[in-house]
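Here is the file final-v7.csv (CSV, C-alpha atoms).
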```
chain,number,residue,atom,x,y,z
A,85,MET,CA,46.0,19.1,-17.8
A,86,GLY,CA,43.9,16.0,-18.6
A,87,ARG,CA,42.1,16.9,-15.4
A,88,THR,CA,41.0,20.4,-16.4
A,89,SER,CA,39.7,19.3,-19.8
A,90,ARG,CA,37.8,16.5,-18.0
A,91,GLU,CA,36.4,19.1,-15.6
A,92,GLN,CA,35.3,21.3,-18.5
A,93,ARG,CA,33.6,18.4,-20.2
A,94,ARG,CA,31.8,17.6,-17.0
A,95,VAL,CA,30.6,21.2,-16.7
A,96,LYS,CA,29.5,21.1,-20.3
A,97,ALA,CA,27.6,17.9,-19.8
A,98,ALA,CA,26.0,19.3,-16.7
A,99,ARG,CA,24.8,22.4,-18.7
A,100,CYS,CA,23.5,20.2,-21.4
A,101,TRP,CA,21.6,18.1,-18.9
A,102,SER,CA,20.1,21.2,-17.2
A,103,LEU,CA,18.7,22.3,-20.6
A,104,VAL,CA,17.2,19.0,-21.4
A,105,MET,CA,15.8,18.7,-18.0
A,106,ALA,CA,14.3,22.2,-18.0
A,107,ALA,CA,12.4,21.1,-21.1
A,108,ALA,CA,11.3,17.9,-19.4
A,109,VAL,CA,10.2,19.8,-16.4
A,110,ALA,CA,8.1,22.1,-18.5
A,111,ILE,CA,6.5,19.3,-20.3
A,112,SER,CA,5.9,17.1,-17.3
A,113,THR,CA,4.5,19.9,-15.1
A,114,GLY,CA,2.3,21.0,-18.0
A,115,LEU,CA,0.9,17.5,-18.2
A,116,ALA,CA,0.5,17.2,-14.4
A,117,TRP,CA,-1.6,20.3,-14.4
A,118,ALA,CA,-3.5,19.3,-17.5
A,119,GLY,CA,-4.9,16.0,-16.4
A,120,ASN,CA,-5.6,14.3,-13.2
A,121,TRP,CA,-5.8,10.5,-12.8
A,122,LYS,CA,-7.2,8.7,-15.8
A,123,PRO,CA,-9.8,6.0,-15.1
A,124,LEU,CA,-8.2,2.6,-15.7
A,125,ALA,CA,-10.3,1.9,-18.8
A,126,GLN,CA,-8.9,5.0,-20.5
A,127,ASP,CA,-5.3,4.9,-19.3
A,128,GLY,CA,-3.9,3.3,-22.4
A,129,LEU,CA,-2.6,0.4,-20.4
A,130,HIS,CA,-5.6,-1.5,-19.2
A,131,ASP,CA,-7.7,-3.4,-21.8
A,132,PRO,CA,-11.1,-1.8,-21.8
A,133,SER,CA,-12.7,-5.0,-23.1
A,134,ASN,CA,-11.9,-6.7,-19.8
A,135,THR,CA,-15.2,-6.6,-18.0
A,136,ALA,CA,-13.5,-7.2,-14.6
A,137,LEU,CA,-11.9,-3.7,-14.8
A,138,SER,CA,-15.0,-2.4,-13.1
A,139,GLN,CA,-14.0,-4.4,-10.0
A,140,LEU,CA,-10.7,-2.5,-9.7
A,141,GLN,CA,-10.3,0.8,-7.9
A,142,ASN,CA,-9.6,3.8,-10.1
A,143,PRO,CA,-6.6,5.8,-9.0
A,144,ALA,CA,-8.6,9.0,-8.5
A,145,GLU,CA,-10.8,7.4,-5.9
A,146,ALA,CA,-7.9,6.6,-3.6
A,147,LEU,CA,-5.3,9.2,-4.5
A,148,SER,CA,-7.4,12.3,-4.5
A,149,LYS,CA,-7.9,11.9,-0.8
A,150,LEU,CA,-4.1,12.1,-0.1
A,151,PRO,CA,-1.9,15.1,0.3
A,152,PRO,CA,-1.5,16.5,-3.3
A,153,ASP,CA,1.6,16.9,-5.3
A,154,THR,CA,2.3,17.9,-8.9
A,155,ALA,CA,4.4,15.0,-10.2
A,156,GLY,CA,4.5,11.2,-10.1
A,157,ASN,CA,1.3,9.8,-8.6
A,158,GLN,CA,0.4,13.5,-7.7
A,159,VAL,CA,0.5,12.4,-4.1
A,160,ASN,CA,3.0,13.6,-1.5
A,161,TRP,CA,3.7,10.2,0.0
A,162,VAL,CA,6.0,11.5,2.7
A,163,LYS,CA,3.2,13.8,4.0
A,164,ALA,CA,0.6,11.1,3.5
A,165,LEU,CA,2.6,8.8,5.9
A,166,GLU,CA,3.5,11.6,8.4
A,167,GLN,CA,-0.1,12.7,8.6
A,168,GLY,CA,-1.4,9.2,9.1
A,169,LYS,CA,-3.4,9.4,5.8
A,170,ILE,CA,-2.0,6.1,4.9
A,171,ASN,CA,-0.9,3.4,7.4
A,172,PRO,CA,1.0,0.8,5.4
A,173,ARG,CA,2.2,-2.4,7.1
A,174,THR,CA,5.9,-2.9,7.5
A,175,SER,CA,5.8,-6.7,7.6
A,176,ILE,CA,3.3,-9.4,7.0
A,177,TYR,CA,4.9,-12.4,8.9
A,178,ALA,CA,5.2,-12.4,12.6
A,179,GLY,CA,8.9,-12.6,13.4
A,180,THR,CA,10.4,-10.8,10.5
A,181,LYS,CA,13.2,-8.6,11.8
A,182,VAL,CA,12.4,-5.1,10.7
A,183,ASN,CA,15.5,-2.8,10.6
A,184,GLU,CA,14.3,0.5,11.9
A,185,LEU,CA,16.3,3.6,12.4
A,186,ASP,CA,17.3,3.9,16.0
A,187,LYS,CA,19.4,6.2,18.1
A,188,LYS,CA,22.5,5.4,16.2
A,189,GLU,CA,20.4,6.7,13.3
A,190,PRO,CA,22.8,7.8,10.5
A,191,PRO,CA,22.4,11.5,9.9
A,192,ASP,CA,21.3,13.1,6.7
A,193,VAL,CA,24.0,12.8,4.1
A,194,LEU,CA,25.0,16.1,2.4
A,195,MET,CA,26.2,15.6,-1.2
A,196,LYS,CA,28.2,18.5,-2.5
A,197,ASN,CA,29.2,17.3,-6.0
A,198,THR,CA,26.4,19.0,-7.8
A,199,ALA,CA,28.1,21.5,-10.2
A,200,GLU,CA,26.3,24.8,-10.1
A,201,LEU,CA,23.1,23.5,-8.6
A,202,SER,CA,22.1,23.4,-4.9
A,203,MET,CA,23.6,20.6,-3.0
A,204,VAL,CA,21.7,17.4,-2.1
A,205,ARG,CA,20.7,16.6,1.4
A,206,PHE,CA,19.7,12.9,1.5
A,207,PRO,CA,17.3,12.2,4.4
A,208,HIS,CA,17.8,8.7,6.0
A,209,LYS,CA,14.8,9.1,8.2
A,210,GLN,CA,12.1,9.5,5.5
A,211,HIS,CA,13.6,6.7,3.4
A,212,SER,CA,13.8,4.3,6.3
A,213,GLU,CA,10.1,4.6,7.0
A,214,PHE,CA,9.4,3.1,3.6
A,215,LEU,CA,12.5,1.0,3.0
A,216,ASP,CA,14.9,-1.4,4.6
A,217,CYS,CA,18.6,-0.5,4.9
A,218,SER,CA,19.3,-3.5,2.6
A,219,ASN,CA,17.3,-2.0,-0.3
A,220,CYS,CA,20.1,0.5,-0.6
A,221,HIS,CA,23.1,-0.9,1.3
A,222,GLU,CA,25.5,-2.2,0.1
A,223,GLY,CA,24.1,-2.8,-3.3
A,224,LEU,CA,23.2,0.8,-4.4
A,225,PHE,CA,25.2,2.8,-1.9
A,226,LYS,CA,28.1,2.3,0.5
A,227,SER,CA,27.6,2.9,4.2
A,228,LYS,CA,30.2,5.6,4.3
A,229,ALA,CA,29.5,9.1,2.9
A,230,GLY,CA,31.3,9.9,-0.2
A,231,THR,CA,32.5,6.4,-1.0
A,232,THR,CA,29.9,5.2,-3.6
A,233,THR,CA,31.7,5.1,-7.0
A,234,GLY,CA,30.1,6.3,-10.2
A,235,PHE,CA,27.5,8.3,-8.2
A,236,ASN,CA,26.6,11.3,-10.4
A,237,MET,CA,23.6,12.7,-12.2
A,238,PHE,CA,24.3,11.0,-15.5
A,239,ASN,CA,24.0,7.6,-13.8
A,240,ILE,CA,21.0,8.6,-11.8
A,241,LEU,CA,19.3,9.5,-15.0
A,242,GLN,CA,20.2,6.1,-16.3
A,243,GLY,CA,18.1,4.6,-13.5
A,244,GLU,CA,21.0,3.8,-11.1
A,245,PHE,CA,21.5,5.0,-7.5
A,246,CYS,CA,18.7,7.5,-6.6
A,247,GLY,CA,17.2,6.9,-10.0
A,248,ARG,CA,16.5,3.3,-9.3
A,249,CYS,CA,13.4,4.5,-7.3
A,250,HIS,CA,13.0,8.1,-8.2
A,251,GLY,CA,11.5,8.2,-11.7
A,252,ALA,CA,10.1,4.7,-11.3
A,253,VAL,CA,8.0,4.6,-8.1
A,254,ALA,CA,9.1,7.5,-5.9
A,255,PHE,CA,8.8,11.2,-7.2
A,256,PRO,CA,10.4,11.6,-10.6
A,257,LEU,CA,13.8,13.0,-11.5
A,258,THR,CA,12.2,16.0,-13.1
A,259,GLU,CA,11.7,17.4,-9.5
A,260,CYS,CA,15.3,18.7,-9.3
A,261,ARG,CA,14.7,21.0,-6.4
A,262,ARG,CA,13.4,18.3,-4.1
A,263,CYS,CA,16.8,16.6,-4.1
A,264,HIS,CA,18.9,19.6,-4.9
A,265,ASN,CA,17.5,21.2,-1.8
A,266,GLU,CA,20.4,22.6,0.1
A,267,PRO,CA,21.5,26.0,-1.2
A,268,ARG,CA,25.3,26.5,-1.4
A,269,PRO,CA,26.6,29.1,1.1
A,270,VAL,CA,26.8,31.9,-1.5
A,271,ALA,CA,29.7,31.3,-4.0
A,272,GLY,CA,28.4,30.9,-7.5
A,273,GLY,CA,24.9,31.9,-8.5
A,274,ALA,CA,23.1,28.8,-7.3
A,275,ALA,CA,21.9,29.9,-3.8
A,276,LYS,CA,18.6,31.0,-5.2
A,277,ALA,CA,17.0,27.5,-5.0
A,278,ARG,CA,14.1,26.5,-2.8
B,89,MET,CA,15.3,13.6,-29.6
B,90,PHE,CA,12.5,16.1,-29.1
B,91,THR,CA,10.2,14.4,-31.5
B,92,LEU,CA,10.9,11.2,-29.6
B,93,LEU,CA,10.0,13.1,-26.4
B,94,MET,CA,6.8,14.4,-27.9
B,95,LEU,CA,5.8,10.9,-28.8
B,96,LEU,CA,6.6,9.5,-25.4
B,97,ALA,CA,5.3,12.4,-23.4
B,98,PRO,CA,1.5,11.7,-23.6
B,99,PHE,CA,2.0,8.0,-22.7
B,100,PRO,CA,3.3,8.1,-19.1
B,101,SER,CA,1.0,10.9,-18.2
B,102,ARG,CA,-2.0,8.6,-18.8
B,103,ALA,CA,-1.1,5.3,-17.2
B,104,GLU,CA,-0.6,5.7,-13.5
B,105,PHE,CA,3.0,6.4,-12.4
B,106,GLY,CA,4.7,3.2,-11.1
B,107,ASP,CA,2.5,0.7,-12.8
B,108,VAL,CA,4.5,-2.4,-13.8
B,109,VAL,CA,3.7,-4.5,-16.8
B,110,PHE,CA,4.5,-8.2,-16.8
B,111,ASN,CA,4.5,-9.6,-20.3
B,112,LYS,CA,7.4,-12.0,-20.5
B,113,HIS,CA,5.1,-15.0,-20.8
B,114,SER,CA,1.6,-13.9,-20.7
B,115,GLU,CA,0.7,-13.1,-24.3
B,116,LYS,CA,2.8,-16.0,-25.6
B,117,GLU,CA,0.6,-18.2,-23.4
B,118,GLY,CA,-2.6,-16.6,-24.6
B,119,VAL,CA,-3.5,-14.4,-21.7
B,120,ARG,CA,-3.5,-10.6,-21.3
B,121,PRO,CA,-0.3,-9.0,-19.8
B,122,VAL,CA,-0.4,-8.4,-16.1
B,123,ILE,CA,-0.5,-4.9,-14.6
B,124,PHE,CA,0.8,-4.4,-11.1
B,125,PRO,CA,-0.2,-1.1,-9.5
B,126,HIS,CA,2.4,0.3,-7.1
B,127,TRP,CA,0.1,3.1,-6.0
B,128,PHE,CA,-2.5,0.7,-4.8
B,129,HIS,CA,-0.2,-1.6,-2.9
B,130,ARG,CA,1.9,1.1,-1.3
B,131,ILE,CA,-1.1,2.5,0.4
B,132,ARG,CA,-1.3,-0.8,2.2
B,133,TYR,CA,2.3,-2.0,2.4
B,134,ASN,CA,5.6,-0.3,2.8
B,135,CYS,CA,8.2,-1.0,0.1
B,136,LYS,CA,10.1,-3.1,2.5
B,137,VAL,CA,7.4,-5.7,2.7
B,138,CYS,CA,7.8,-6.7,-0.9
B,139,HIS,CA,11.3,-5.7,-1.6
B,140,TYR,CA,12.8,-7.0,1.6
B,141,GLU,CA,10.6,-9.4,3.5
B,142,LEU,CA,9.1,-11.1,0.4
B,143,GLY,CA,12.2,-10.7,-1.7
B,144,PHE,CA,10.9,-9.0,-4.9
B,145,LYS,CA,13.9,-7.7,-6.8
B,146,MET,CA,13.8,-4.0,-7.4
B,147,ARG,CA,14.1,-4.1,-11.1
B,148,ALA,CA,11.3,-4.5,-13.6
B,149,GLY,CA,11.7,-7.9,-15.3
B,150,ASP,CA,14.2,-9.3,-12.8
B,151,ASN,CA,11.5,-11.5,-11.1
B,152,VAL,CA,10.7,-14.3,-13.5
B,153,VAL,CA,7.1,-15.1,-12.5
B,154,LEU,CA,5.2,-18.2,-13.6
B,155,MET,CA,1.6,-18.9,-12.8
B,156,SER,CA,2.6,-22.2,-11.2
B,157,ASP,CA,4.8,-20.2,-8.7
B,158,ILE,CA,1.9,-17.9,-7.8
B,159,ILE,CA,-0.4,-20.8,-7.2
B,160,GLU,CA,2.3,-22.4,-5.0
B,161,GLY,CA,2.4,-19.2,-2.9
B,162,LYS,CA,5.4,-17.5,-4.4
B,163,PHE,CA,5.6,-13.9,-5.8
B,164,CYS,CA,2.1,-12.3,-5.9
B,165,GLY,CA,0.9,-15.6,-4.4
B,166,MET,CA,2.5,-14.8,-1.1
B,167,CYS,CA,-0.5,-12.5,-0.6
B,168,HIS,CA,-2.9,-13.4,-3.4
B,169,ASN,CA,-3.8,-16.7,-1.7
B,170,ASP,CA,-7.3,-16.2,-0.5
B,171,LYS,CA,-6.0,-15.3,2.9
B,172,ILE,CA,-4.2,-11.9,2.8
B,173,ALA,CA,-5.9,-11.0,-0.5
B,174,TRP,CA,-8.1,-12.6,-3.1
B,175,GLY,CA,-6.6,-15.7,-4.8
B,176,ALA,CA,-5.0,-16.8,-8.0
B,177,ASP,CA,-8.4,-17.9,-9.5
B,178,ARG,CA,-9.3,-14.2,-10.2
B,179,CYS,CA,-7.4,-14.2,-13.5
B,180,ASP,CA,-9.1,-11.1,-14.9
B,181,LEU,CA,-8.1,-8.9,-12.0
B,182,CYS,CA,-4.3,-9.3,-12.6
B,183,HIS,CA,-4.3,-10.1,-16.4
B,184,THR,CA,-5.7,-6.7,-17.3
B,185,GLY,CA,-3.3,-5.2,-19.9
B,186,ARG,CA,-3.9,-4.4,-23.5
B,187,PRO,CA,-2.4,-6.8,-25.9
B,188,GLY,CA,1.0,-5.8,-27.1
B,189,LEU,CA,2.3,-4.1,-24.0
B,190,GLN,CA,6.0,-4.3,-23.2
B,191,SER,CA,7.3,-5.4,-19.8
B,192,GLY,CA,8.6,-2.7,-17.7
B,193,VAL,CA,7.7,0.1,-15.3
B,194,ILE,CA,5.4,2.9,-16.5
B,195,GLY,CA,6.3,6.6,-16.1
B,196,GLY,CA,9.7,5.3,-14.9
B,197,ALA,CA,13.3,5.2,-16.0
B,198,SER,CA,12.4,3.9,-19.4
B,199,THR,CA,9.6,6.3,-20.3
B,200,GLY,CA,8.5,9.4,-18.5
B,201,GLY,CA,11.4,9.6,-16.1
B,202,PRO,CA,14.4,11.0,-17.9
B,203,GLY,CA,16.3,7.8,-17.5
B,204,ARG,CA,16.4,5.8,-20.7
B,205,TRP,CA,15.0,8.4,-23.2
```
Could you show the structure in this file as structure tokens?
Amino acid sequence: MGRTSREQRRVKAARCWSLVMAAAVAISTGLAWAGNWKPLAQDGLHDPSNTALSQLQNPAEALSKLPPDTAGNQVNWVKALEQGKINPRTSIYAGTKVNELDKKEPPDVLMKNTAELSMVRFPHKQHSEFLDCSNCHEGLFKSKAGTTTGFNMFNILQGEFCGRCHGAVAFPLTECRRCHNEPRPVAGGAAKAR
Amino acid sequence: MFTLLMLLAPFPSRAEFGDVVFNKHSEKEGVRPVIFPHWFHRIRYNCKVCHYELGFKMRAGDNVVLMSDIIEGKFCGMCHNDKIAWGADRCDLCHTGRPGLQSGVIGGASTGGPGRW
């Protein structure tokens, strides 16, 4: 009994989030289309009276050459890396042990607890190219699928779990479809995604 | 809530996504806040260089940075040491923020990202 009402509350909360999010998506995509990268002196953050600003690179100069996107830095960083448009170093000291994905590579993790939305397929490969295992394990996530506690959209939107990076440095949380990327096998109306 | 949104919305769209402001000590000590651009650094280094090899904590404000540390080669000083990149004497290249900025990540969980509305 307690369980069903909890269930209902969750669904309600999920609906509410979807609404808020839809608005946010509309706003953010609107803005992404409206303006490209602002020069540093006009970005509202840098102090235009600092004469040294002219020695810094403006985002447009570097980012406009990379595969485009509509959110975040307006760069598709995964493609930029795959296509060799950027070639970032993975360590700076000789002798640092870099944990790379090898043959025992953990597979993508499929996350099904997504209410009426498409499921989430989490790709280990793409993440491990940028990050070390320890950036996520065991602090943010457990190394066994389905065992991380408190792992839901509410907490993600609070900047936990996926939201630690997505929305701060990696593509923002308004890009629902990029995480909710695995249509449910029919059942419910959610299989339209992607 | 929506008025709040409208107020916040134009801000993150202007500053570059992922910029981090450091202003725990700067203005109190009479210098401009520091702006760290993720976009610029991630073209050159993977996240794991800073957040694993060099040990920067992945939470804006969790790294308590003092200028003396940087000069001794910690934090930004691990690279901004006149070897890997220009050194700590180039004050105006790091201390570039407008007066009054709050510490935190821009366009992120606390502003543009839906995190902390």
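Here CA of Pro207 (chain A) stands at a distance of 4.7 Å from CA of Asp192 (chain A).
Distances from B:Gly192, B:Gly175, B:Gly185, B:Pro121 to chain A were compared using all atoms listed in the file, and the smallest one belongs to B:Gly185.
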message: Would you compute the distance between CA of Tyr133 (chain B) and CA of Met237 (chain A)? Give it in Å to one decimal.
response: 29.7 Å
statement: Nearest to Asn134 (chain A), restricted to only C-alpha atoms and choosing among B:Glu160, B:Arg147, B:Val119, B:His126, comes out as B:Val119
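In this comparison, which uses all atoms listed in the file, the residue of B:Ala173, B:Val109, B:Val152, B:Cys164 approaching chain A most closely is B:Val109.
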message: For a test of reading the model, state the distance in Å between CA of Phe163 (chain B) and CA of Cys217 (chain A), rounded to one decimal.
response: 21.5 Å
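The closest residue to Glu141 (chain B), picked from B:Phe124, B:Met166, B:Ser156, B:Glu104 and counting all atoms listed in the file, is B:Met166.
Taking only C-alpha atoms into account, Gln126 (chain A) lies nearest to A:Pro143 out of the set A:Gln242, A:Glu266, A:Pro143, A:Leu257.
For the residues A:Ala144, A:Leu165, A:Leu215, A:Val182, ranking by smallest atom-to-atom distance to chain B using all atoms listed in the file places A:Leu215 first.
Residues lying within 8 Å of Glu259 (chain A), counting all atoms listed in the file and ignoring same-chain neighbours fewer than 3 positions away, are Val109, Ala155, Phe255, Pro256, Arg262 and Cys263 of chain A.
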Could you check which residues have any atom within 12 Å of (6.1, 18.3, -4.4), counting all atoms listed in the file with coordinates taken straight from the file, and then list them as a short mmCIF file (atom, residue, chain, number, x, y, z; two decimals) with C-alpha atoms, in the coordinates of the input?
```
data_model
loop_
_atom_site.label_atom_id
_atom_site.label_comp_id
_atom_site.auth_asym_id
_atom_site.auth_seq_id
_atom_site.Cartn_x
_atom_site.Cartn_y
_atom_site.Cartn_z
CA THR A 113 4.50 19.90 -15.10
CA ALA A 116 0.50 17.20 -14.40
CA PRO A 151 -1.90 15.10 0.30
CA PRO A 152 -1.50 16.50 -3.30
CA ASP A 153 1.60 16.90 -5.30
CA THR A 154 2.30 17.90 -8.90
CA ALA A 155 4.40 15.00 -10.20
CA GLY A 156 4.50 11.20 -10.10
CA ASN A 157 1.30 9.80 -8.60
CA GLN A 158 0.40 13.50 -7.70
CA VAL A 159 0.50 12.40 -4.10
CA ASN A 160 3.00 13.60 -1.50
CA TRP A 161 3.70 10.20 0.00
CA VAL A 162 6.00 11.50 2.70
CA LYS A 163 3.20 13.80 4.00
CA ALA A 254 9.10 7.50 -5.90
CA PHE A 255 8.80 11.20 -7.20
CA PRO A 256 10.40 11.60 -10.60
CA LEU A 257 13.80 13.00 -11.50
CA THR A 258 12.20 16.00 -13.10
CA GLU A 259 11.70 17.40 -9.50
CA CYS A 260 15.30 18.70 -9.30
CA ARG A 261 14.70 21.00 -6.40
CA ARG A 262 13.40 18.30 -4.10
CA CYS A 263 16.80 16.60 -4.10
CA ARG A 278 14.10 26.50 -2.80
#
```
Residues near Met155 (chain B), cut-off 10 Å, only C-alpha atoms, skip fewer than 4 positions along chain, as a PyMOL selection string: chain B and resi 113-114+159-165+176
Can you patch up region 109-123 of chain B, filling it in to N, CA, C and O atoms, and show the result as a PDB file, in the coordinates of the input?
```pdb
ATOM      1  N   VAL B 109       4.250  -3.491 -15.909  1.00  0.00           N
ATOM      2  CA  VAL B 109       3.700  -4.500 -16.800  1.00  0.00           C
ATOM      3  C   VAL B 109       4.511  -5.739 -16.819  1.00  0.00           C
ATOM      4  O   VAL B 109       5.732  -5.668 -16.902  1.00  0.00           O
ATOM      5  N   PHE B 110       3.857  -6.880 -16.667  1.00  0.00           N
ATOM      6  CA  PHE B 110       4.500  -8.200 -16.800  1.00  0.00           C
ATOM      7  C   PHE B 110       4.023  -8.798 -18.126  1.00  0.00           C
ATOM      8  O   PHE B 110       2.850  -9.133 -18.236  1.00  0.00           O
ATOM      9  N   ASN B 111       4.920  -8.936 -19.071  1.00  0.00           N
ATOM     10  CA  ASN B 111       4.500  -9.600 -20.300  1.00  0.00           C
ATOM     11  C   ASN B 111       5.609 -10.437 -20.903  1.00  0.00           C
ATOM     12  O   ASN B 111       5.811 -10.487 -22.106  1.00  0.00           O
ATOM     13  N   LYS B 112       6.352 -11.115 -20.026  1.00  0.00           N
ATOM     14  CA  LYS B 112       7.400 -12.000 -20.500  1.00  0.00           C
ATOM     15  C   LYS B 112       6.766 -13.266 -21.110  1.00  0.00           C
ATOM     16  O   LYS B 112       7.214 -13.785 -22.109  1.00  0.00           O
ATOM     17  N   HIS B 113       5.736 -13.754 -20.422  1.00  0.00           N
ATOM     18  CA  HIS B 113       5.100 -15.000 -20.800  1.00  0.00           C
ATOM     19  C   HIS B 113       3.673 -14.882 -21.200  1.00  0.00           C
ATOM     20  O   HIS B 113       3.154 -15.692 -21.955  1.00  0.00           O
ATOM     21  N   SER B 114       3.020 -13.879 -20.645  1.00  0.00           N
ATOM     22  CA  SER B 114       1.600 -13.900 -20.700  1.00  0.00           C
ATOM     23  C   SER B 114       1.000 -14.013 -22.090  1.00  0.00           C
ATOM     24  O   SER B 114       0.256 -14.957 -22.362  1.00  0.00           O
ATOM     25  N   GLU B 115       1.356 -13.068 -22.969  1.00  0.00           N
ATOM     26  CA  GLU B 115       0.700 -13.100 -24.300  1.00  0.00           C
ATOM     27  C   GLU B 115       1.117 -14.359 -25.070  1.00  0.00           C
ATOM     28  O   GLU B 115       0.305 -14.914 -25.800  1.00  0.00           O
ATOM     29  N   LYS B 116       2.364 -14.778 -24.886  1.00  0.00           N
ATOM     30  CA  LYS B 116       2.800 -16.000 -25.600  1.00  0.00           C
ATOM     31  C   LYS B 116       1.925 -17.181 -25.135  1.00  0.00           C
ATOM     32  O   LYS B 116       1.700 -18.117 -25.893  1.00  0.00           O
ATOM     33  N   GLU B 117       1.451 -17.120 -23.890  1.00  0.00           N
ATOM     34  CA  GLU B 117       0.600 -18.200 -23.400  1.00  0.00           C
ATOM     35  C   GLU B 117      -0.852 -17.909 -23.512  1.00  0.00           C
ATOM     36  O   GLU B 117      -1.694 -18.574 -22.899  1.00  0.00           O
ATOM     37  N   GLY B 118      -1.172 -16.851 -24.241  1.00  0.00           N
ATOM     38  CA  GLY B 118      -2.600 -16.600 -24.600  1.00  0.00           C
ATOM     39  C   GLY B 118      -3.399 -15.889 -23.522  1.00  0.00           C
ATOM     40  O   GLY B 118      -4.619 -15.977 -23.537  1.00  0.00           O
ATOM     41  N   VAL B 119      -2.752 -15.218 -22.592  1.00  0.00           N
ATOM     42  CA  VAL B 119      -3.500 -14.400 -21.700  1.00  0.00           C
ATOM     43  C   VAL B 119      -3.052 -12.925 -21.774  1.00  0.00           C
ATOM     44  O   VAL B 119      -1.981 -12.657 -22.318  1.00  0.00           O
ATOM     45  N   ARG B 120      -3.855 -12.004 -21.253  1.00  0.00           N
ATOM     46  CA  ARG B 120      -3.500 -10.600 -21.300  1.00  0.00           C
ATOM     47  C   ARG B 120      -2.224 -10.362 -20.421  1.00  0.00           C
ATOM     48  O   ARG B 120      -2.027 -11.062 -19.432  1.00  0.00           O
ATOM     49  N   PRO B 121      -1.453  -9.324 -20.739  1.00  0.00           N
ATOM     50  CA  PRO B 121      -0.300  -9.000 -19.800  1.00  0.00           C
ATOM     51  C   PRO B 121      -0.874  -8.597 -18.445  1.00  0.00           C
ATOM     52  O   PRO B 121      -2.035  -8.240 -18.309  1.00  0.00           O
ATOM     53  N   VAL B 122       0.006  -8.692 -17.450  1.00  0.00           N
ATOM     54  CA  VAL B 122      -0.400  -8.400 -16.100  1.00  0.00           C
ATOM     55  C   VAL B 122       0.012  -6.944 -15.756  1.00  0.00           C
ATOM     56  O   VAL B 122       1.084  -6.492 -16.155  1.00  0.00           O
ATOM     57  N   ILE B 123      -0.846  -6.218 -15.059  1.00  0.00           N
ATOM     58  CA  ILE B 123      -0.500  -4.900 -14.600  1.00  0.00           C
ATOM     59  C   ILE B 123      -0.480  -4.865 -13.071  1.00  0.00           C
ATOM     60  O   ILE B 123      -1.491  -5.166 -12.434  1.00  0.00           O
TER      61      ILE B 123
END
```
